[in-house]
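> The file below is my_file-v6.cif, mmCIF, C-alpha atoms:
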```cif
data_data
#
loop_
_atom_site.label_atom_id
_atom_site.label_comp_id
_atom_site.auth_asym_id
_atom_site.auth_seq_id
_atom_site.Cartn_x
_atom_site.Cartn_y
_atom_site.Cartn_z
CA MET A 1 -48.07 58.73 32.74
CA THR A 2 -47.63 55.30 31.21
CA LYS A 3 -43.99 54.42 31.07
CA LEU A 4 -42.45 52.81 28.03
CA ARG A 5 -41.11 49.33 28.67
CA GLN A 6 -37.38 48.71 28.46
CA THR A 7 -36.26 46.97 25.30
CA PRO A 8 -35.36 43.41 26.30
CA SER A 9 -31.80 42.18 26.07
CA GLN A 10 -30.75 39.40 23.67
CA THR A 11 -27.52 37.46 23.49
CA VAL A 12 -24.41 39.07 22.00
CA GLY A 13 -23.97 35.76 20.14
CA PRO A 14 -20.73 34.25 18.85
CA TYR A 15 -20.02 36.82 16.14
CA PHE A 16 -19.70 40.09 18.06
CA ALA A 17 -16.06 40.48 17.07
CA TYR A 18 -16.43 42.57 13.97
CA GLY A 19 -19.19 44.74 15.41
CA LEU A 20 -17.68 45.40 18.83
CA SER A 21 -14.02 44.45 18.72
CA PRO A 22 -12.89 44.55 15.07
CA GLU A 23 -9.23 45.43 15.61
CA GLN A 24 -8.60 42.69 18.16
CA TYR A 25 -9.98 40.09 15.74
CA GLY A 26 -8.23 41.42 12.61
CA TYR A 27 -11.04 43.31 10.87
CA GLN A 28 -9.44 46.73 11.19
CA GLN A 29 -9.42 47.24 7.42
CA ASN A 30 -13.19 47.66 7.59
CA LEU A 31 -13.87 49.18 10.99
CA SER A 32 -11.74 50.63 13.77
CA SER A 33 -12.35 49.67 17.39
CA ILE A 34 -13.73 52.27 19.76
CA ALA A 35 -11.98 50.49 22.64
CA GLY A 36 -9.66 47.57 23.27
CA SER A 37 -7.21 46.13 25.76
CA GLN A 38 -4.76 49.02 25.67
CA MET A 39 -6.31 51.61 27.93
CA ALA A 40 -3.37 53.60 29.25
CA GLU A 41 -1.19 55.00 26.52
CA GLY A 42 1.06 58.04 26.41
CA ASP A 43 1.42 60.26 29.42
CA ILE A 44 -1.67 59.23 31.35
CA GLU A 45 -0.80 59.36 35.03
CA GLY A 46 -0.95 56.30 37.18
CA GLU A 47 0.55 52.95 38.06
CA ARG A 48 0.59 50.66 35.01
CA ILE A 49 -1.06 47.33 35.63
CA ARG A 50 -2.26 44.38 33.60
CA VAL A 51 -5.46 42.56 34.59
CA GLU A 52 -5.94 39.20 32.95
CA GLY A 53 -8.00 36.08 33.40
CA ARG A 54 -10.27 33.50 31.92
CA VAL A 55 -14.02 32.90 31.97
CA PHE A 56 -15.20 29.42 32.99
CA ASP A 57 -18.54 27.73 32.36
CA GLY A 58 -20.44 25.42 34.72
CA ASN A 59 -18.24 22.49 33.69
CA GLY A 60 -15.07 24.42 34.45
CA ALA A 61 -14.22 24.76 30.75
CA PRO A 62 -12.74 28.06 29.56
CA ILE A 63 -15.08 30.08 27.34
CA SER A 64 -13.66 31.30 24.02
CA ASP A 65 -16.49 33.59 22.95
CA ALA A 66 -17.05 35.85 25.94
CA LEU A 67 -16.74 39.64 25.83
CA ILE A 68 -15.48 41.50 28.87
CA GLU A 69 -15.88 45.26 29.25
CA ILE A 70 -14.47 47.38 32.03
CA TRP A 71 -15.24 50.90 33.19
CA GLN A 72 -12.94 52.54 35.67
CA ALA A 73 -11.84 55.72 37.37
CA ASP A 74 -8.42 57.28 36.81
CA SER A 75 -5.57 57.17 39.33
CA LEU A 76 -7.27 59.88 41.40
CA GLY A 77 -10.63 58.13 41.43
CA ARG A 78 -12.19 60.41 38.80
CA TYR A 79 -14.48 59.18 36.04
CA ALA A 80 -14.32 60.70 32.55
CA HIS A 81 -18.05 61.43 32.50
CA PRO A 82 -20.12 64.59 33.01
CA ALA A 83 -21.65 63.24 36.24
CA ASP A 84 -18.15 63.46 37.76
CA PRO A 85 -17.12 67.12 37.36
CA ARG A 86 -13.60 66.32 38.58
CA GLY A 87 -13.07 64.13 35.51
CA SER A 88 -13.80 66.74 32.89
CA ASN A 89 -10.20 67.56 31.99
CA ASN A 90 -8.98 64.01 32.04
CA THR A 91 -7.58 62.31 28.92
CA PHE A 92 -8.02 58.83 30.38
CA LYS A 93 -11.14 57.40 28.79
CA GLY A 94 -11.61 54.60 31.32
CA PHE A 95 -13.30 52.04 29.06
CA GLY A 96 -11.82 48.76 27.83
CA ARG A 97 -13.15 45.85 25.84
CA CYS A 98 -11.63 42.42 25.20
CA GLY A 99 -12.96 39.19 23.72
CA THR A 100 -11.65 35.81 24.84
CA GLY A 101 -11.34 34.46 21.29
CA THR A 102 -7.88 35.57 20.22
CA ASP A 103 -5.61 34.29 23.00
CA PRO A 104 -4.56 30.60 22.78
CA GLN A 105 -5.51 30.18 26.45
CA GLN A 106 -8.81 32.08 26.07
CA ARG A 107 -7.60 34.89 28.29
CA PHE A 108 -8.92 38.43 28.33
CA TRP A 109 -6.45 41.12 29.32
CA PHE A 110 -6.36 44.86 29.97
CA ASP A 111 -3.29 47.06 30.12
CA THR A 112 -4.46 49.97 32.18
CA ILE A 113 -3.74 52.06 35.26
CA LYS A 114 -4.72 51.23 38.77
CA PRO A 115 -7.77 53.32 39.65
CA GLY A 116 -7.84 55.45 42.77
CA LYS A 117 -10.40 55.19 45.55
CA VAL A 118 -13.86 56.33 44.51
CA GLY A 119 -15.26 58.75 47.06
CA ASP A 120 -14.47 58.10 50.70
CA ASP A 121 -15.90 54.66 50.97
CA GLN A 122 -14.98 52.65 47.88
CA ALA A 123 -11.67 50.86 47.43
CA PRO A 124 -10.04 50.96 43.97
CA HIS A 125 -12.08 48.79 41.61
CA LEU A 126 -12.96 48.12 38.00
CA ASN A 127 -16.63 47.91 37.00
CA VAL A 128 -17.18 44.91 34.76
CA ILE A 129 -19.74 43.73 32.21
CA VAL A 130 -19.62 40.04 31.30
CA THR A 131 -21.46 38.77 28.26
CA MET A 132 -21.20 35.91 25.78
CA ARG A 133 -23.00 33.51 23.51
CA GLY A 134 -25.31 31.65 25.85
CA MET A 135 -26.14 34.69 27.99
CA LEU A 136 -29.40 36.39 27.13
CA LEU A 137 -28.47 39.42 29.18
CA HIS A 138 -25.16 40.72 30.44
CA ALA A 139 -24.02 40.46 34.05
CA PHE A 140 -22.36 43.11 36.21
CA THR A 141 -19.45 42.39 38.49
CA ARG A 142 -16.46 44.26 39.97
CA ILE A 143 -12.72 43.65 40.18
CA TYR A 144 -10.93 44.69 43.39
CA PHE A 145 -7.20 44.31 44.04
CA SER A 146 -5.65 41.90 46.53
CA ASP A 147 -3.05 44.41 47.76
CA GLU A 148 -5.51 47.16 48.76
CA PRO A 149 -6.10 47.62 52.51
CA ALA A 150 -9.14 49.78 51.63
CA ASN A 151 -11.01 46.59 50.65
CA ALA A 152 -11.67 46.02 54.33
CA THR A 153 -13.95 49.06 54.54
CA ASP A 154 -15.37 49.11 50.99
CA SER A 155 -19.09 49.93 51.01
CA VAL A 156 -19.93 47.45 48.24
CA LEU A 157 -17.78 44.52 49.38
CA ARG A 158 -19.44 44.64 52.75
CA LEU A 159 -22.82 43.96 51.07
CA VAL A 160 -21.40 40.65 49.82
CA PRO A 161 -21.44 37.57 52.08
CA ALA A 162 -17.91 37.25 53.49
CA GLU A 163 -17.35 33.79 52.04
CA ARG A 164 -18.00 35.06 48.50
CA ARG A 165 -15.99 38.31 48.61
CA GLY A 166 -12.87 36.58 47.35
CA THR A 167 -14.52 36.04 43.95
CA LEU A 168 -14.33 39.82 43.42
CA ILE A 169 -10.65 40.21 44.21
CA ALA A 170 -7.89 40.01 41.59
CA THR A 171 -4.75 38.35 42.86
CA LYS A 172 -1.44 40.12 42.45
CA GLN A 173 1.03 38.03 40.44
CA SER A 174 4.61 38.87 39.70
CA GLY A 175 5.35 42.37 38.44
CA LYS A 176 2.37 44.46 37.40
CA VAL A 177 -0.02 41.60 36.67
CA TYR A 178 -3.27 40.86 38.49
CA ARG A 179 -5.18 37.65 37.84
CA PHE A 180 -8.96 37.63 37.83
CA ASP A 181 -10.85 34.54 36.70
CA ILE A 182 -14.61 34.67 36.23
CA HIS A 183 -16.62 31.57 37.14
CA MET A 184 -20.14 31.69 35.74
CA GLN A 185 -21.31 28.86 38.00
CA GLY A 186 -20.20 26.35 40.59
CA GLU A 187 -18.68 26.54 44.04
CA GLN A 188 -16.52 29.54 43.11
CA GLU A 189 -19.27 31.33 41.15
CA THR A 190 -18.30 34.98 40.80
CA VAL A 191 -20.55 37.46 42.55
CA PHE A 192 -22.78 39.22 40.02
CA PHE A 193 -24.73 42.33 40.89
CA ASP A 194 -28.19 43.67 40.26
CA ALA A 195 -26.90 47.14 39.42
CA MET B 1 -26.28 64.36 42.57
CA THR B 2 -28.85 63.52 39.91
CA ASP B 3 -31.45 60.79 40.21
CA ALA B 4 -30.47 57.14 40.10
CA PHE B 5 -31.42 54.96 37.16
CA ASN B 6 -34.51 52.79 37.34
CA PRO B 7 -33.87 49.10 37.96
CA ARG B 8 -33.74 46.59 35.18
CA ASP B 9 -37.29 45.56 34.26
CA TRP B 10 -36.76 41.94 35.24
CA SER B 11 -40.32 40.96 34.32
CA GLY B 12 -39.62 41.97 30.74
CA GLN B 13 -36.18 40.40 30.40
CA PRO B 14 -35.23 36.87 29.39
CA ALA B 15 -33.90 34.70 32.22
CA TYR B 16 -30.20 33.91 32.47
CA ILE B 17 -31.02 30.23 32.12
CA ALA B 18 -33.48 29.36 29.37
CA PRO B 19 -33.12 25.60 28.81
CA ASP B 20 -34.41 25.61 25.22
CA TYR B 21 -31.42 27.81 24.33
CA LYS B 22 -28.96 25.09 25.07
CA SER B 23 -25.81 27.03 25.85
CA THR B 24 -27.50 28.98 28.67
CA PRO B 25 -27.65 26.24 31.36
CA LEU B 26 -23.86 26.17 31.75
CA ARG B 27 -23.24 29.87 31.22
CA GLY B 28 -25.87 31.83 33.13
CA PRO B 29 -25.27 32.76 36.79
CA THR B 30 -27.15 30.50 39.20
CA LYS B 31 -26.73 32.29 42.53
CA PRO B 32 -28.96 35.27 43.36
CA LEU B 33 -27.63 38.62 42.17
CA ILE B 34 -26.46 40.94 44.94
CA PRO B 35 -28.34 44.27 44.88
CA LEU B 36 -25.85 47.07 44.16
CA PRO B 37 -26.71 50.63 45.23
CA GLN B 38 -25.89 53.09 42.46
CA THR B 39 -22.70 54.92 43.33
CA LEU B 40 -20.62 57.22 41.14
CA SER B 41 -19.25 54.05 39.49
CA GLU B 42 -22.70 53.11 38.21
CA MET B 43 -24.01 56.62 37.48
CA THR B 44 -21.15 57.36 35.14
CA GLY B 45 -20.25 55.40 32.03
CA PRO B 46 -18.24 55.34 28.81
CA VAL B 47 -18.67 58.46 26.67
CA TYR B 48 -18.53 57.86 22.92
CA GLY B 49 -20.01 60.65 20.83
CA GLN B 50 -19.89 61.82 17.23
CA GLU B 51 -16.08 61.63 17.18
CA SER B 52 -16.36 57.82 17.39
CA VAL B 53 -18.02 57.63 13.98
CA THR B 54 -16.29 58.28 10.70
CA GLY B 55 -17.03 58.12 6.98
CA ASN B 56 -19.32 55.30 6.00
CA ASP B 57 -19.63 53.67 9.41
CA ALA B 58 -23.44 53.93 9.30
CA ASP B 59 -23.77 52.68 5.73
CA LEU B 60 -23.05 48.96 5.54
CA THR B 61 -23.69 48.95 1.79
CA LEU B 62 -20.61 51.18 1.43
CA ASN B 63 -18.21 50.31 4.26
CA GLY B 64 -17.29 46.82 3.04
CA ARG B 65 -16.96 47.44 -0.68
CA ARG B 66 -14.00 46.09 -2.61
CA ASN B 67 -15.05 45.90 -6.25
CA GLY B 68 -18.77 46.51 -6.36
CA GLU B 69 -22.03 46.66 -4.45
CA PRO B 70 -23.05 44.10 -1.85
CA LEU B 71 -25.80 41.72 -2.93
CA GLY B 72 -29.20 41.63 -1.29
CA GLU B 73 -32.25 43.68 -0.55
CA ARG B 74 -31.19 47.19 0.53
CA ILE B 75 -32.90 48.38 3.71
CA ILE B 76 -32.86 51.42 5.95
CA VAL B 77 -33.11 50.80 9.69
CA ALA B 78 -33.94 53.95 11.62
CA GLY B 79 -35.54 54.87 14.91
CA ARG B 80 -35.15 56.67 18.18
CA VAL B 81 -33.45 55.81 21.42
CA LEU B 82 -35.65 56.85 24.34
CA ASP B 83 -35.79 56.37 28.09
CA GLU B 84 -38.80 54.92 29.89
CA ASP B 85 -40.43 58.34 30.14
CA GLY B 86 -40.15 58.83 26.40
CA ARG B 87 -37.30 61.31 26.67
CA PRO B 88 -34.76 61.11 23.84
CA VAL B 89 -31.31 59.72 24.59
CA PRO B 90 -29.09 61.98 22.48
CA ASN B 91 -25.46 61.52 21.50
CA THR B 92 -25.22 57.84 22.36
CA LEU B 93 -23.35 55.25 20.34
CA LEU B 94 -25.09 52.37 18.56
CA GLU B 95 -22.98 49.51 17.26
CA ILE B 96 -24.52 46.92 14.95
CA TRP B 97 -23.44 43.69 13.30
CA GLN B 98 -25.23 41.19 11.08
CA ALA B 99 -25.00 38.35 8.55
CA ASN B 100 -24.95 39.10 4.84
CA ALA B 101 -27.96 38.60 2.57
CA ALA B 102 -27.15 34.89 2.26
CA GLY B 103 -27.06 34.36 6.03
CA ARG B 104 -23.29 34.22 6.36
CA TYR B 105 -21.13 36.12 8.82
CA ILE B 106 -17.64 37.07 7.76
CA HIS B 107 -16.36 35.80 11.14
CA GLN B 108 -13.75 33.01 10.88
CA THR B 109 -15.74 30.70 13.12
CA ASP B 110 -18.89 30.86 10.97
CA GLN B 111 -18.81 27.66 8.91
CA HIS B 112 -22.31 27.91 7.41
CA ASP B 113 -22.25 26.75 3.77
CA ALA B 114 -23.46 30.02 2.25
CA PRO B 115 -21.43 32.48 0.21
CA ILE B 116 -19.34 35.27 1.67
CA ASP B 117 -20.04 38.55 -0.08
CA PRO B 118 -16.71 40.21 -0.89
CA ASN B 119 -18.40 43.60 -0.79
CA PHE B 120 -20.18 43.25 2.54
CA PHE B 121 -18.57 43.45 5.96
CA GLY B 122 -21.59 43.58 8.27
CA GLY B 123 -20.44 45.84 11.10
CA GLY B 124 -21.30 49.50 11.59
CA ARG B 125 -22.00 52.25 14.07
CA CYS B 126 -23.66 55.62 14.47
CA VAL B 127 -24.49 58.14 17.18
CA THR B 128 -27.98 59.42 18.04
CA ASP B 129 -28.86 63.02 17.23
CA ALA B 130 -30.37 65.58 19.63
CA LYS B 131 -33.79 63.91 19.33
CA GLY B 132 -32.40 60.44 19.95
CA GLY B 133 -32.70 59.57 16.27
CA TYR B 134 -30.43 57.14 14.43
CA TRP B 135 -30.16 55.76 10.87
CA PHE B 136 -28.40 52.85 9.16
CA MET B 137 -28.33 51.72 5.53
CA THR B 138 -27.64 48.01 5.04
CA VAL B 139 -28.92 44.87 3.31
CA LYS B 140 -31.49 42.58 4.85
CA PRO B 141 -29.60 39.82 6.68
CA GLY B 142 -30.40 36.23 5.71
CA ALA B 143 -31.56 33.47 8.05
CA TYR B 144 -29.02 30.81 8.94
CA PRO B 145 -28.89 27.41 10.64
CA TRP B 146 -27.32 26.93 14.07
CA PRO B 147 -26.57 23.83 16.09
CA ASN B 148 -28.97 24.39 19.01
CA HIS B 149 -31.34 21.56 18.00
CA HIS B 150 -32.35 19.61 14.90
CA ASN B 151 -33.15 21.93 11.99
CA ALA B 152 -32.69 25.09 14.06
CA TRP B 153 -32.59 28.38 12.11
CA ARG B 154 -32.10 31.87 13.43
CA PRO B 155 -34.66 34.38 12.15
CA ASN B 156 -33.33 37.35 10.20
CA HIS B 157 -31.84 39.71 12.75
CA ILE B 158 -29.45 42.58 13.35
CA HIS B 159 -27.41 42.77 16.58
CA PHE B 160 -27.51 46.10 18.43
CA SER B 161 -25.25 47.38 21.22
CA LEU B 162 -25.89 50.67 23.06
CA PHE B 163 -24.35 52.52 25.99
CA GLY B 164 -26.89 55.15 27.01
CA PRO B 165 -26.01 57.71 29.68
CA SER B 166 -24.35 55.40 32.23
CA PHE B 167 -22.72 52.05 32.86
CA VAL B 168 -26.05 50.56 34.01
CA THR B 169 -28.01 51.63 30.92
CA ARG B 170 -25.91 49.41 28.64
CA LEU B 171 -28.03 47.26 26.33
CA VAL B 172 -27.09 44.46 23.93
CA THR B 173 -30.03 43.18 21.92
CA GLN B 174 -31.24 41.97 18.53
CA MET B 175 -33.75 43.47 16.09
CA TYR B 176 -36.05 41.13 14.18
CA PHE B 177 -38.26 41.63 11.11
CA PRO B 178 -42.08 41.58 11.04
CA GLY B 179 -43.79 38.48 9.72
CA ASP B 180 -40.78 36.19 10.02
CA PRO B 181 -42.08 32.59 10.40
CA LEU B 182 -38.88 31.59 12.22
CA LEU B 183 -39.66 33.83 15.20
CA ASP B 184 -42.15 31.35 16.63
CA LEU B 185 -39.48 28.64 16.52
CA ASP B 186 -36.48 30.59 17.83
CA PRO B 187 -35.48 29.80 21.44
CA ILE B 188 -33.56 33.07 21.77
CA PHE B 189 -36.54 35.22 20.77
CA LEU B 190 -38.93 32.98 22.72
CA ALA B 191 -36.81 33.24 25.88
CA THR B 192 -38.10 36.82 26.14
CA PRO B 193 -41.37 37.15 28.10
CA GLU B 194 -44.44 37.36 25.87
CA ALA B 195 -45.31 40.85 27.14
CA THR B 196 -42.09 42.41 25.82
CA ARG B 197 -41.14 40.11 22.93
CA ASN B 198 -42.74 42.30 20.31
CA LEU B 199 -40.51 45.21 21.32
CA LEU B 200 -37.75 43.35 19.50
CA ILE B 201 -39.56 43.41 16.14
CA ALA B 202 -39.09 46.38 13.82
CA ASN B 203 -42.03 47.92 11.97
CA PHE B 204 -42.05 48.30 8.22
CA SER B 205 -42.38 52.00 7.32
CA LEU B 206 -43.23 53.47 3.97
CA ASP B 207 -42.19 56.87 5.34
CA VAL B 208 -38.66 55.65 5.97
CA THR B 209 -38.58 53.74 2.68
CA GLU B 210 -36.54 55.55 0.05
CA PRO B 211 -38.39 55.44 -3.28
CA ASN B 212 -36.71 53.32 -5.94
CA TYR B 213 -33.88 52.48 -3.57
CA ALA B 214 -34.41 50.83 -0.14
CA LEU B 215 -37.21 49.55 2.10
CA GLY B 216 -37.52 51.24 5.49
CA TYR B 217 -37.86 49.71 8.95
CA VAL B 218 -38.33 51.55 12.23
CA PHE B 219 -36.87 50.12 15.44
CA ASP B 220 -37.23 52.28 18.55
CA ILE B 221 -35.14 51.32 21.56
CA VAL B 222 -36.00 52.07 25.20
CA LEU B 223 -33.23 52.27 27.81
CA ARG B 224 -33.54 52.47 31.58
CA GLY B 225 -34.83 55.86 32.69
CA ARG B 226 -34.10 57.60 35.97
CA GLY B 227 -36.03 58.84 38.94
CA ALA B 228 -35.01 56.75 41.91
CA THR B 229 -32.87 58.20 44.69
CA PRO B 230 -29.21 57.18 44.58
CA MET B 231 -26.98 56.21 47.46
CA GLU B 232 -24.71 58.99 48.67
CA ALA B 233 -21.19 58.30 47.44
#
```
Please express the file's structure as structure tokens.

Amino acid sequence: MTKLRQTPSQTVGPYFAYGLSPEQYGYQQNLSSIAGSQMAEGDIEGERIRVEGRVFDGNGAPISDALIEIWQADSLGRYAHPADPRGSNNTFKGFGRCGTGTDPQQRFWFDTIKPGKVGDDQAPHLNVIVTMRGMLLHAFTRIYFSDEPANATDSVLRLVPAERRGTLIATKQSGKVYRFDIHMQGEQETVFFDA
Amino acid sequence: MTDAFNPRDWSGQPAYIAPDYKSTPLRGPTKPLIPLPQTLSEMTGPVYGQESVTGNDADLTLNGRRNGEPLGERIIVAGRVLDEDGRPVPNTLLEIWQANAAGRYIHQTDQHDAPIDPNFFGGGRCVTDAKGGYWFMTVKPGAYPWPNHHNAWRPNHIHFSLFGPSFVTRLVTQMYFPGDPLLDLDPIFLATPEATRNLLIANFSLDVTEPNYALGYVFDIVLRGRGATPMEA
């Protein structure tokens, strides 16, 4: 049977705010946001963390019109999706979305919970989509945590050349904050995946 | 575990770096992508169903009104979301955004000298039905200039964002209109390989057209299907 071809991707452009992130950018009177930076509210179980960072272009300049999305497991490593039957009763949605256009320093940030290990062989991680004006298709990356011993045996990290693994690891700052900068190019270019 | 999702069809996708689209050379990744086996993290994804859509979210001629109707040519944009085997993708969220009929976005950073329409917002969303079908009412977006090169104009377009069944089926794209003379001059459209470019252009449809009210366009969207064998996780 002839397969249909996948619809090609096109850039998200500079004006995604009121389609994808209306509340963050002040358009909430017209449209609510399906997701934002606040991912762990109420009595959701787990260690509260903040993950924040900036996105840099090939000249090392921070990008003010990027959109970062994260998808993560809950504190027990369960995903709120039918393919993970353990996640079916979970109130943690696991999806966050933040543009870099509202913070004076062009940061994105997520207030969430630290995910648990996924299966036996994956250290706690956030799954990340990076897109922006000037990208014709989005890129996949992951955020791991600098204080996790399980990184040493993670089945995905070990596919990455050792000298580049550090680009996937958020650095613990003071308190509950982890720092994760994304470098689109250059010596420190973040590892992007063909997922 | 169910089958893994098919890979991205790289031969049908635009490249990360397309020099004629001048912001790509400093923003696209330059090192080879690392192949990622599909684990539970990739085979699951955000779930946003009918509960994510309220009121007039799918009708952009209603959801931005303050004191009257938005100006412009009313259009219906409808279609189906399918996978590569032609199977419907039901219950998946579509998010759209667009310029108004004069080619102006309401976004603060849009400085194009064209009027803002006080009755048009330009963002909306809907969820596919059991057959993968979706429907929006809006006005036809205008063309607008952009600073990519001398006398550069974007063709009329509507931005689309979809999730599909998993994290790896996510798609962000743009829908164009048939017969637009700006398409042959647009470096974003032209960055797409010739073989798949036309998949971005909607078809005019008299069947979808609502008599005495709005012209109809059909835009079907194909997401990654499944069939490959996943890694044990």
> Counting only C-alpha atoms, which residues in chain A sit no more than 8 Å from chain B? For each one, give the nearest pair of atoms and the distance in Å, sorted by chain then residue number, as a tab-separated table.

```
residue	atom	partner	partner_atom	distance
A:Thr2	CA	B:Asp85	CA	7.9
A:Lys3	CA	B:Glu84	CA	5.3
A:Leu4	CA	B:Glu84	CA	4.6
A:Arg5	CA	B:Glu84	CA	6.2
A:Gln6	CA	B:Val222	CA	4.9
A:Thr7	CA	B:Val222	CA	5.1
A:Pro8	CA	B:Gln13	CA	5.2
A:Ser9	CA	B:Thr173	CA	4.6
A:Gln10	CA	B:Thr173	CA	4.2
A:Thr11	CA	B:Thr173	CA	6.4
A:Val12	CA	B:Val172	CA	6.3
A:Tyr15	CA	B:His107	CA	6.3
A:Phe16	CA	B:Trp97	CA	7.0
A:Ala17	CA	B:His107	CA	7.6
A:Tyr18	CA	B:Gly123	CA	5.9
A:Gly19	CA	B:Gly123	CA	4.6
A:Leu20	CA	B:Glu95	CA	6.9
A:Asn30	CA	B:Gly64	CA	6.2
A:Leu31	CA	B:Gly123	CA	7.4
A:Ile34	CA	B:Ser52	CA	6.6
A:Asp57	CA	B:Arg27	CA	5.3
A:Gly58	CA	B:Leu26	CA	4.6
A:Asn59	CA	B:Leu26	CA	7.0
A:Trp71	CA	B:Gly45	CA	6.8
A:Gln72	CA	B:Ser41	CA	7.5
A:Ala73	CA	B:Ser41	CA	7.9
A:Tyr79	CA	B:Thr44	CA	7.0
A:Ala80	CA	B:Pro46	CA	7.6
A:His81	CA	B:Thr44	CA	5.8
A:Pro82	CA	B:Thr44	CA	7.6
A:Ala83	CA	B:Thr44	CA	6.0
A:Asp84	CA	B:Thr44	CA	7.3
A:Lys93	CA	B:Pro46	CA	7.4
A:Gly94	CA	B:Pro46	CA	7.1
A:Phe95	CA	B:Pro46	CA	5.9
A:Val118	CA	B:Leu40	CA	7.6
A:Gly119	CA	B:Ala233	CA	6.0
A:Asp120	CA	B:Ala233	CA	7.5
A:Asp121	CA	B:Ala233	CA	7.3
A:Asn127	CA	B:Ser41	CA	7.1
A:Arg133	CA	B:Ser23	CA	7.4
A:Gly134	CA	B:Thr24	CA	4.5
A:Met135	CA	B:Gly28	CA	5.9
A:Leu136	CA	B:Tyr16	CA	5.9
A:Leu137	CA	B:Tyr16	CA	6.6
A:His138	CA	B:Val172	CA	7.8
A:Val156	CA	B:Leu36	CA	7.2
A:Leu159	CA	B:Ile34	CA	7.7
A:Val160	CA	B:Ile34	CA	7.0
A:Met184	CA	B:Pro29	CA	5.3
A:Gln185	CA	B:Pro29	CA	5.7
A:Glu189	CA	B:Pro29	CA	7.6
A:Val191	CA	B:Leu33	CA	7.2
A:Phe192	CA	B:Leu33	CA	5.3
A:Phe193	CA	B:Ile34	CA	4.6
A:Asp194	CA	B:Pro35	CA	4.7
A:Ala195	CA	B:Leu36	CA	4.9
```
> Compile the contact shell of Trp153 (chain B) as a ChimeraX atom specification: residues with an atom at most 9 Å away, counting all atoms listed in the file, same-chain residues fewer than 2 positions apart removed.
/B:143-148,151,155,182,185-186
> Compare A:Ser174, A:Ser146, A:Thr190, A:Ser64 by their minimum atom-to-atom distance to Pro161 (chain A), counting only C-alpha atoms, and give me the closest one.
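The shortest atom-to-atom distance to Pro161 (chain A) comes from A:Thr190.
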> Identify all residues satisfying the PyMOL selection byres ((chain A and resi 162-172) around 9) in the given file; provide them as a list of chain:residue names.
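Residues picked by the PyMOL selection byres ((chain A and resi 162-172) around 9): A:Val51, A:Glu52, A:Thr141, A:Arg142, A:Ile143, A:Tyr144, A:Phe145, A:Ser146, A:Asp147, A:Leu157, A:Arg158, A:Leu159, A:Val160, A:Pro161, A:Gln173, A:Ser174, A:Gly175, A:Lys176, A:Val177, A:Tyr178, A:Arg179, A:Phe180, A:Asp181, A:Ile182, A:His183, A:Gln188, A:Glu189, A:Thr190, A:Val191.
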> What is the CA of Arg104 (chain B)-CA of Leu60 (chain B) distance in Å, reported with one decimal?
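Straight-line distance from CA of Arg104 (chain B) to CA of Leu60 (chain B) works out to 14.8 Å.
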> Which value, in Å to one decimal, gives the distance between CA of Ile68 (chain A) and CA of Phe108 (chain A)?
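Taking CA of Ile68 (chain A) as the start and CA of Phe108 (chain A) as the end point, the length is 7.3 Å.
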> Excluding same-chain residues fewer than 6 positions from Pro141 (chain B), what lies within 8 Å of it counting all atoms listed in the file, as a PyMOL selection string?
chain B and resi 98-103+156-158
> Please write as number ranges by chain the full residue list that the PyMOL selection byres ((chain B and resi 202) around 6) yields on this file.
B: 177, 201, 203, 218-219
> For a test of reading the model, state the distance in Å between CA of Gln29 (chain A) and CA of Thr138 (chain B), rounded to one decimal.
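These atoms are spaced 18.4 Å apart.
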> Determine the residue set returned by the PyMOL selection byres ((chain B and resi 214) around 6) for the present structure, and present it as a PyMOL selection string.
chain B and resi 74-75+209-210+213+215
> Residues near Met132 (chain A), anyone? I mean within 6 Å using only C-alpha atoms, not counting same-chain ones fewer than 6 positions away, as a list in words.
Val12, Asp65, Ala66 and Leu67 of chain A
> For the residues in the current selection, export C-alpha atoms as a compact mmCIF listing (two decimals), in the coordinates of the input.

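Okay, selection_25.txt is ready:
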```txt
# COMPACT_ATOMS: atom_id res chain seq x y z
CA VAL A 12 -24.41 39.07 22.00
CA ASP A 65 -16.49 33.59 22.95
CA ALA A 66 -17.05 35.85 25.94
CA LEU A 67 -16.74 39.64 25.83
```
> Residues near region 149-153 of chain A, anyone? I mean within 8 Å using all atoms listed in the file, not counting same-chain ones fewer than 6 positions away, as a list of chain:residue names.
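So the residues in contact are A:Asp121, A:Gln122, A:Ala123, A:Pro124.
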> Would you pick out the contacts of Asp43 (chain A) at 12 Å or less, using all atoms listed in the file, so that residues sharing its chain but fewer than 5 positions from it are not included, and give the list as an NGL selection string?
:A and (48 or 90-92 or 113)
> Would you mind exporting the chosen residues as a PDB file, in the frame of the given file, restricted to C-alpha atoms?

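Output file part_37.pdb follows:
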```
ATOM      1  CA  ARG A  48       0.590  50.660  35.010  1.00  0.00           C
ATOM      2  CA  ASN A  90      -8.980  64.010  32.040  1.00  0.00           C
ATOM      3  CA  THR A  91      -7.580  62.310  28.920  1.00  0.00           C
ATOM      4  CA  PHE A  92      -8.020  58.830  30.380  1.00  0.00           C
ATOM      5  CA  ILE A 113      -3.740  52.060  35.260  1.00  0.00           C
TER       6      ILE A 113
END
```
> Which one of A:Gln105, A:Ser37, A:Thr112, A:Ser155 sits closest to Ala61 (chain A) if you count all atoms listed in the file?
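Selected residue with least distance to Ala61 (chain A): A:Gln105.
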